[in-house]
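Shown next: target24.cif, given as mmCIF, C-alpha atoms.
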data_input
loop_
_atom_site.label_atom_id
_atom_site.label_comp_id
_atom_site.auth_asym_id
_atom_site.auth_seq_id
_atom_site.Cartn_x
_atom_site.Cartn_y
_atom_site.Cartn_z
CA MET A 1 33.80 -74.06 -78.09
CA ASP A 2 31.35 -72.73 -75.49
CA ALA A 3 30.02 -74.91 -72.67
CA PRO A 4 26.48 -75.54 -74.06
CA THR A 5 27.90 -76.62 -77.42
CA PHE A 6 30.54 -78.77 -75.74
CA PHE A 7 28.01 -80.71 -73.69
CA THR A 8 25.39 -80.92 -76.44
CA LYS A 9 27.95 -82.51 -78.77
CA GLY A 10 29.12 -84.81 -76.00
CA VAL A 11 25.58 -86.06 -75.41
CA ALA A 12 24.97 -86.55 -79.14
CA ARG A 13 28.21 -88.49 -79.58
CA GLY A 14 27.94 -90.41 -76.33
CA THR A 15 31.36 -89.17 -75.25
CA LEU A 16 30.54 -87.43 -71.96
CA SER A 17 32.81 -88.18 -69.05
CA HIS A 18 31.49 -88.98 -65.57
CA ALA A 19 32.76 -85.78 -63.88
CA TYR A 20 33.26 -82.13 -64.84
CA CYS A 21 34.48 -78.99 -63.16
CA LEU A 22 32.68 -75.88 -64.46
CA TRP A 23 34.78 -72.88 -63.53
CA GLY A 24 35.16 -69.19 -64.27
CA TYR A 25 35.78 -65.91 -62.47
CA GLY A 26 32.41 -64.42 -63.36
CA SER A 27 29.24 -64.73 -61.29
CA GLU A 28 28.23 -67.86 -59.42
CA ALA A 29 24.82 -67.51 -61.08
CA ALA A 30 26.39 -67.84 -64.55
CA ARG A 31 28.34 -70.94 -63.56
CA HIS A 32 25.37 -72.52 -61.83
CA GLY A 33 23.13 -71.70 -64.80
CA ALA A 34 25.54 -73.50 -67.12
CA ALA A 35 25.43 -76.58 -64.91
CA VAL A 36 21.64 -76.61 -64.82
CA ALA A 37 21.61 -76.27 -68.62
CA VAL A 38 23.61 -79.52 -68.78
CA ALA A 39 21.05 -81.27 -66.59
CA ARG A 40 18.30 -80.08 -68.93
CA LEU A 41 19.93 -82.03 -71.75
CA PHE A 42 18.74 -85.18 -70.00
CA GLU A 43 15.37 -84.20 -68.52
CA THR A 44 12.98 -81.30 -68.17
CA GLU A 45 12.29 -79.56 -64.90
CA PRO A 46 11.19 -80.25 -62.24
CA PHE A 47 14.17 -82.59 -62.01
CA VAL A 48 13.84 -86.16 -60.82
CA ASP A 49 17.26 -87.49 -61.79
CA CYS A 50 19.24 -84.37 -60.93
CA LEU A 51 20.25 -83.42 -57.38
CA ILE A 52 21.53 -79.90 -56.70
CA ILE A 53 23.66 -79.48 -53.58
CA ARG A 54 24.34 -76.03 -52.17
CA PRO A 55 26.45 -75.01 -49.17
CA HIS A 56 24.82 -75.24 -45.77
CA GLY A 57 25.99 -72.07 -44.10
CA GLU A 58 29.53 -71.56 -45.31
CA SER A 59 30.43 -75.00 -46.62
CA VAL A 60 29.44 -78.24 -48.32
CA GLY A 61 30.10 -81.00 -45.81
CA ILE A 62 30.73 -84.71 -45.88
CA GLY A 63 27.06 -85.41 -45.19
CA ASP A 64 26.13 -83.60 -48.40
CA ILE A 65 28.61 -85.68 -50.38
CA ARG A 66 27.35 -88.92 -48.87
CA GLU A 67 23.85 -87.91 -49.97
CA ALA A 68 25.23 -87.16 -53.45
CA THR A 69 26.94 -90.56 -53.64
CA ARG A 70 23.76 -92.41 -52.69
CA PHE A 71 21.84 -90.45 -55.30
CA LEU A 72 24.41 -91.15 -58.05
CA TRP A 73 24.25 -94.90 -57.47
CA GLN A 74 20.46 -95.03 -57.80
CA SER A 75 19.08 -96.03 -61.19
CA PRO A 76 17.73 -93.11 -63.26
CA ALA A 77 13.93 -92.85 -63.17
CA ARG A 78 13.29 -91.12 -66.48
CA SER A 79 16.58 -90.07 -68.07
CA ALA A 80 19.86 -91.58 -69.21
CA ARG A 81 21.87 -90.04 -66.39
CA LYS A 82 21.77 -89.52 -62.67
CA THR A 83 23.23 -86.02 -62.29
CA VAL A 84 24.61 -84.29 -59.20
CA ILE A 85 25.48 -80.59 -59.29
CA VAL A 86 27.54 -79.21 -56.41
CA SER A 87 27.11 -75.45 -56.50
CA ASP A 88 29.90 -73.25 -55.06
CA ALA A 89 32.01 -76.42 -54.76
CA GLY A 90 35.00 -74.41 -53.59
CA THR A 91 33.37 -74.38 -50.15
CA MET A 92 33.62 -78.18 -49.79
CA THR A 93 35.51 -79.24 -46.69
CA HIS A 94 38.61 -81.42 -47.09
CA GLU A 95 36.65 -84.34 -45.67
CA ALA A 96 33.91 -83.78 -48.26
CA GLN A 97 36.43 -83.57 -51.10
CA ASN A 98 38.15 -86.77 -49.99
CA ALA A 99 34.81 -88.55 -49.81
CA LEU A 100 34.01 -87.35 -53.32
CA LEU A 101 37.42 -88.53 -54.50
CA ALA A 102 36.58 -92.05 -53.37
CA THR A 103 33.37 -91.91 -55.39
CA LEU A 104 35.19 -90.75 -58.52
CA GLU A 105 37.67 -93.62 -58.32
CA GLU A 106 34.82 -96.03 -59.14
CA PRO A 107 31.93 -93.94 -60.48
CA PRO A 108 28.60 -95.46 -61.56
CA ALA A 109 28.25 -95.80 -65.33
CA HIS A 110 25.08 -93.70 -65.38
CA GLY A 111 26.40 -91.03 -62.99
CA LEU A 112 27.33 -87.46 -63.94
CA LEU A 113 28.96 -85.19 -61.38
CA ILE A 114 29.31 -81.46 -62.00
CA LEU A 115 31.29 -79.25 -59.63
CA VAL A 116 30.65 -75.53 -60.01
CA VAL A 117 33.60 -73.49 -58.76
CA ARG A 118 35.11 -70.03 -59.21
CA ASP A 119 38.70 -71.28 -59.22
CA PRO A 120 39.74 -74.95 -59.75
CA ALA A 121 42.65 -74.32 -57.37
CA LEU A 122 40.08 -74.43 -54.53
CA LEU A 123 39.75 -78.17 -55.16
CA LEU A 124 42.25 -80.83 -54.10
CA PRO A 125 44.73 -81.67 -56.90
CA ALA A 126 43.75 -85.35 -56.80
CA LEU A 127 40.10 -84.38 -57.27
CA ARG A 128 40.87 -82.03 -60.17
CA SER A 129 42.88 -84.75 -61.89
CA ARG A 130 39.81 -86.97 -62.11
CA MET A 131 37.59 -84.34 -63.71
CA GLN A 132 37.44 -82.52 -67.03
CA SER A 133 37.51 -78.73 -66.69
CA VAL A 134 35.15 -76.56 -68.72
CA HIS A 135 35.55 -72.79 -68.60
CA ILE A 136 32.42 -70.64 -68.21
CA PRO A 137 33.01 -67.11 -69.60
CA SER A 138 32.26 -64.11 -67.41
CA ALA A 139 29.82 -62.72 -70.00
CA ALA A 140 28.26 -63.92 -73.23
CA GLY A 141 30.02 -61.12 -75.09
CA SER A 142 30.52 -57.39 -75.28
CA GLU A 143 27.06 -56.96 -76.80
CA SER A 144 25.54 -57.70 -73.37
CA LEU A 145 27.63 -54.98 -71.67
CA ASP A 146 27.59 -51.20 -71.52
CA ALA A 147 29.48 -49.95 -74.61
CA ALA A 148 31.14 -47.07 -72.76
CA ALA A 149 32.32 -49.43 -70.04
CA VAL A 150 33.77 -51.80 -72.63
CA ASP A 151 35.72 -48.92 -74.21
CA LEU A 152 37.08 -47.90 -70.79
CA ALA A 153 38.08 -51.48 -70.01
CA ARG A 154 39.97 -51.82 -73.28
CA GLN A 155 41.73 -48.50 -72.69
CA PHE A 156 42.63 -49.51 -69.15
CA ILE A 157 44.18 -52.80 -70.32
CA ALA A 158 46.15 -51.01 -73.06
CA PHE A 159 47.40 -48.13 -70.88
CA ASP A 160 50.69 -48.03 -69.02
CA PRO A 161 50.62 -48.14 -65.17
CA ARG A 162 50.71 -44.34 -64.79
CA ALA A 163 47.78 -43.83 -67.17
CA ARG A 164 45.81 -46.52 -65.35
CA LYS A 165 46.34 -44.72 -62.03
CA ASP A 166 45.12 -41.47 -63.53
CA MET A 167 42.02 -43.20 -64.94
CA LEU A 168 41.23 -44.84 -61.60
CA LYS A 169 41.68 -41.55 -59.75
CA ALA A 170 39.20 -39.84 -62.07
CA MET A 171 36.68 -42.65 -61.71
CA VAL A 172 36.92 -42.65 -57.92
CA GLU A 173 36.57 -38.87 -57.72
CA ALA A 174 33.44 -39.07 -59.90
CA GLU A 175 31.82 -41.18 -57.13
CA ASP A 176 29.68 -42.99 -59.71
CA VAL A 177 29.39 -46.47 -58.18
CA PRO A 178 27.09 -47.93 -60.90
CA ALA A 179 29.58 -46.79 -63.56
CA PHE A 180 32.40 -48.44 -61.62
CA ASP A 181 30.38 -51.66 -61.43
CA ARG A 182 29.76 -51.58 -65.21
CA PHE A 183 33.49 -51.03 -65.70
CA ALA A 184 34.25 -54.05 -63.50
CA ALA A 185 31.89 -56.28 -65.51
CA ALA A 186 33.47 -55.08 -68.77
CA MET A 187 36.98 -55.66 -67.44
CA MET A 188 36.07 -59.19 -66.39
CA ALA A 189 34.62 -59.95 -69.82
CA GLU A 190 37.60 -58.50 -71.70
CA LEU A 191 40.16 -60.43 -69.64
CA ASP A 192 38.06 -63.56 -69.89
CA ARG A 193 38.53 -63.62 -73.66
CA ASP A 194 41.85 -65.32 -72.92
CA PRO A 195 41.48 -66.90 -69.46
CA ARG A 196 44.64 -68.99 -69.68
CA ARG A 197 46.79 -65.94 -70.32
CA ASN A 198 44.90 -63.65 -67.94
CA TRP A 199 44.17 -66.09 -65.12
CA ARG A 200 46.07 -64.08 -62.50
CA PRO A 201 44.41 -60.68 -63.10
CA LEU A 202 41.06 -62.48 -63.44
CA LYS A 203 41.59 -64.18 -60.11
CA GLU A 204 42.65 -60.94 -58.44
CA LEU A 205 39.79 -58.98 -59.98
CA SER A 206 37.21 -61.56 -58.92
CA HIS A 207 38.56 -61.59 -55.37
CA ARG A 208 38.67 -57.81 -55.05
CA ILE A 209 35.21 -57.29 -56.57
CA ARG A 210 33.91 -59.54 -53.80
CA MET A 211 35.83 -57.55 -51.18
CA MET A 212 34.49 -54.23 -52.46
CA ALA A 213 30.93 -55.60 -52.45
CA GLU A 214 31.13 -57.02 -48.94
CA HIS A 215 33.35 -54.53 -47.10
CA PRO A 216 33.99 -50.78 -47.09
CA THR A 217 37.34 -50.47 -48.82
CA ASN A 218 39.36 -48.11 -50.98
CA ARG A 219 38.34 -48.87 -54.56
CA ARG A 220 41.32 -47.13 -56.10
CA LEU A 221 43.82 -49.19 -54.10
CA GLN A 222 41.98 -52.42 -54.91
CA TRP A 223 42.02 -51.65 -58.62
CA GLU A 224 45.68 -50.60 -58.54
CA ALA A 225 46.44 -54.03 -57.07
CA VAL A 226 44.64 -55.67 -59.99
CA SER A 227 46.46 -53.40 -62.45
CA SER A 228 49.85 -54.68 -61.24
CA TYR A 229 49.03 -58.11 -62.71
CA LEU A 230 48.15 -56.85 -66.21
#

Structure re-expressed in structure tokens:
Amino acid sequence: MDAPTFFTKGVARGTLSHAYCLWGYGSEAARHGAAVAVARLFETEPFVDCLIIRPHGESVGIGDIREATRFLWQSPARSARKTVIVSDAGTMTHEAQNALLATLEEPPAHGLLILVVRDPALLLPALRSRMQSVHIPSAAGSESLDAAAVDLARQFIAFDPRARKDMLKAMVEAEDVPAFDRFAAAMMAELDRDPRRNWRPLKELSHRIRMMAEHPTNRRLQWEAVSSYL
């Protein structure tokens, strides 16, 4: 069941929990968009009863979480829920996570907390244990991706290590960066069809895509590292 359907059914049945972790190795924009879609189930934008917290600089601090706690305990103005979305929640400091843990031990009945994170392992185990995890796929489906890139991704996954090295060498020598980026998106989507089985290569791929985007690095070596986990 996809995330929108999961939450829509939860609202209809009145079975929503008070805290969720929305995670996935795709883009932060996709994860954040899924969280905002949940808030829209309760009210239309501009939001009054939904507070979105983003990192200040490199992290979400304890001051942000104290603000979130105060907001959650206020009575809703026009909807059934008071919703807090913490975007890029993996950047929360330990102090912030511990403060949030205290809130989740006795949450307000009308409160809904949504943490948006690339990898749940970035959260404290005690915090994860008090939340339901909902996976956000890297892409809606292969129909939204370049068909040639999808074919390459499927071949790459099926190939043996030597054939993968040969494919990577050819792609690097072609010096077609946009094609490599389309291949990366297709690989992420293909692996994300079974995230529980492929969590390690997904994690490695997500990490190394970030590295290649932010730093000058050898693409072939980065991809060979990912290949070792397939």

Spell out the residues picked by the PyMOL selection byres ((chain A and resi 91) around 10) here, as JSON, numbers by chain.
{"A": [54, 55, 56, 57, 58, 59, 60, 61, 86, 87, 88, 89, 90, 92, 93, 94, 96, 97, 117, 122, 123]}

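Nearest-residue note for A:Pro4: choosing from A:Ala29, A:Ile136, A:Ala109, A:Ile114, the minimum distance belongs to A:Ile136, counting only C-alpha atoms.
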
Expected residue set, 10 Å radius at (36.7, -55.1, -67.4), all atoms listed in the file, as a tab-separated table (two decimals) with C-alpha atoms, keeping the file's coordinate frame:
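Wrote part.tsv, looks like this:
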chain	number	residue	atom	x	y	z
A	149	ALA	CA	32.32	-49.43	-70.04
A	150	VAL	CA	33.77	-51.80	-72.63
A	151	ASP	CA	35.72	-48.92	-74.21
A	152	LEU	CA	37.08	-47.90	-70.79
A	153	ALA	CA	38.08	-51.48	-70.01
A	154	ARG	CA	39.97	-51.82	-73.28
A	155	GLN	CA	41.73	-48.50	-72.69
A	156	PHE	CA	42.63	-49.51	-69.15
A	157	ILE	CA	44.18	-52.80	-70.32
A	180	PHE	CA	32.40	-48.44	-61.62
A	181	ASP	CA	30.38	-51.66	-61.43
A	182	ARG	CA	29.76	-51.58	-65.21
A	183	PHE	CA	33.49	-51.03	-65.70
A	184	ALA	CA	34.25	-54.05	-63.50
A	185	ALA	CA	31.89	-56.28	-65.51
A	186	ALA	CA	33.47	-55.08	-68.77
A	187	MET	CA	36.98	-55.66	-67.44
A	188	MET	CA	36.07	-59.19	-66.39
A	189	ALA	CA	34.62	-59.95	-69.82
A	190	GLU	CA	37.60	-58.50	-71.70
A	191	LEU	CA	40.16	-60.43	-69.64
A	192	ASP	CA	38.06	-63.56	-69.89
A	202	LEU	CA	41.06	-62.48	-63.44
A	205	LEU	CA	39.79	-58.98	-59.98

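Restricting the calculation to only C-alpha atoms, the smallest distance between A:Gly63 and any of A:Ala80, A:Ala99, A:Val38, A:Met167 is found for A:Ala99.
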
Grab all the atoms of stretch 156-172 of chain A that the file lists, wrap them in a box along x, y and z, add 4 Å per side, and give me centre plus edge lengths in Å (one decimal) as AutoDock Vina command-line options.
--center_x 43.7 --center_y -46.3 --center_z -65.5 --size_x 22.0 --size_y 21.0 --size_z 23.1

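Between A:Lys203 and the candidates A:Ala35, A:Ala121, A:Val11, A:Ala126, the tightest atom-to-atom separation, counting all atoms listed in the file, involves A:Ala121.
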
Evaluated on this file, the PyMOL selection byres ((chain A and resi 78) around 9) picks out some residues - which ones are they, written as a PyMOL selection string?
chain A and resi 42-43+48-49+76-77+79-81

Store the residues picked out above, limited to C-alpha atoms, as a PDB file, in the frame of the given file.
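Listed below is the output, part-v6.pdb:
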ATOM      1  CA  PHE A  42      18.740 -85.180 -70.000  1.00  0.00           C
ATOM      2  CA  GLU A  43      15.370 -84.200 -68.520  1.00  0.00           C
ATOM      3  CA  VAL A  48      13.840 -86.160 -60.820  1.00  0.00           C
ATOM      4  CA  ASP A  49      17.260 -87.490 -61.790  1.00  0.00           C
ATOM      5  CA  PRO A  76      17.730 -93.110 -63.260  1.00  0.00           C
ATOM      6  CA  ALA A  77      13.930 -92.850 -63.170  1.00  0.00           C
ATOM      7  CA  SER A  79      16.580 -90.070 -68.070  1.00  0.00           C
ATOM      8  CA  ALA A  80      19.860 -91.580 -69.210  1.00  0.00           C
ATOM      9  CA  ARG A  81      21.870 -90.040 -66.390  1.00  0.00           C
TER      10      ARG A  81
END
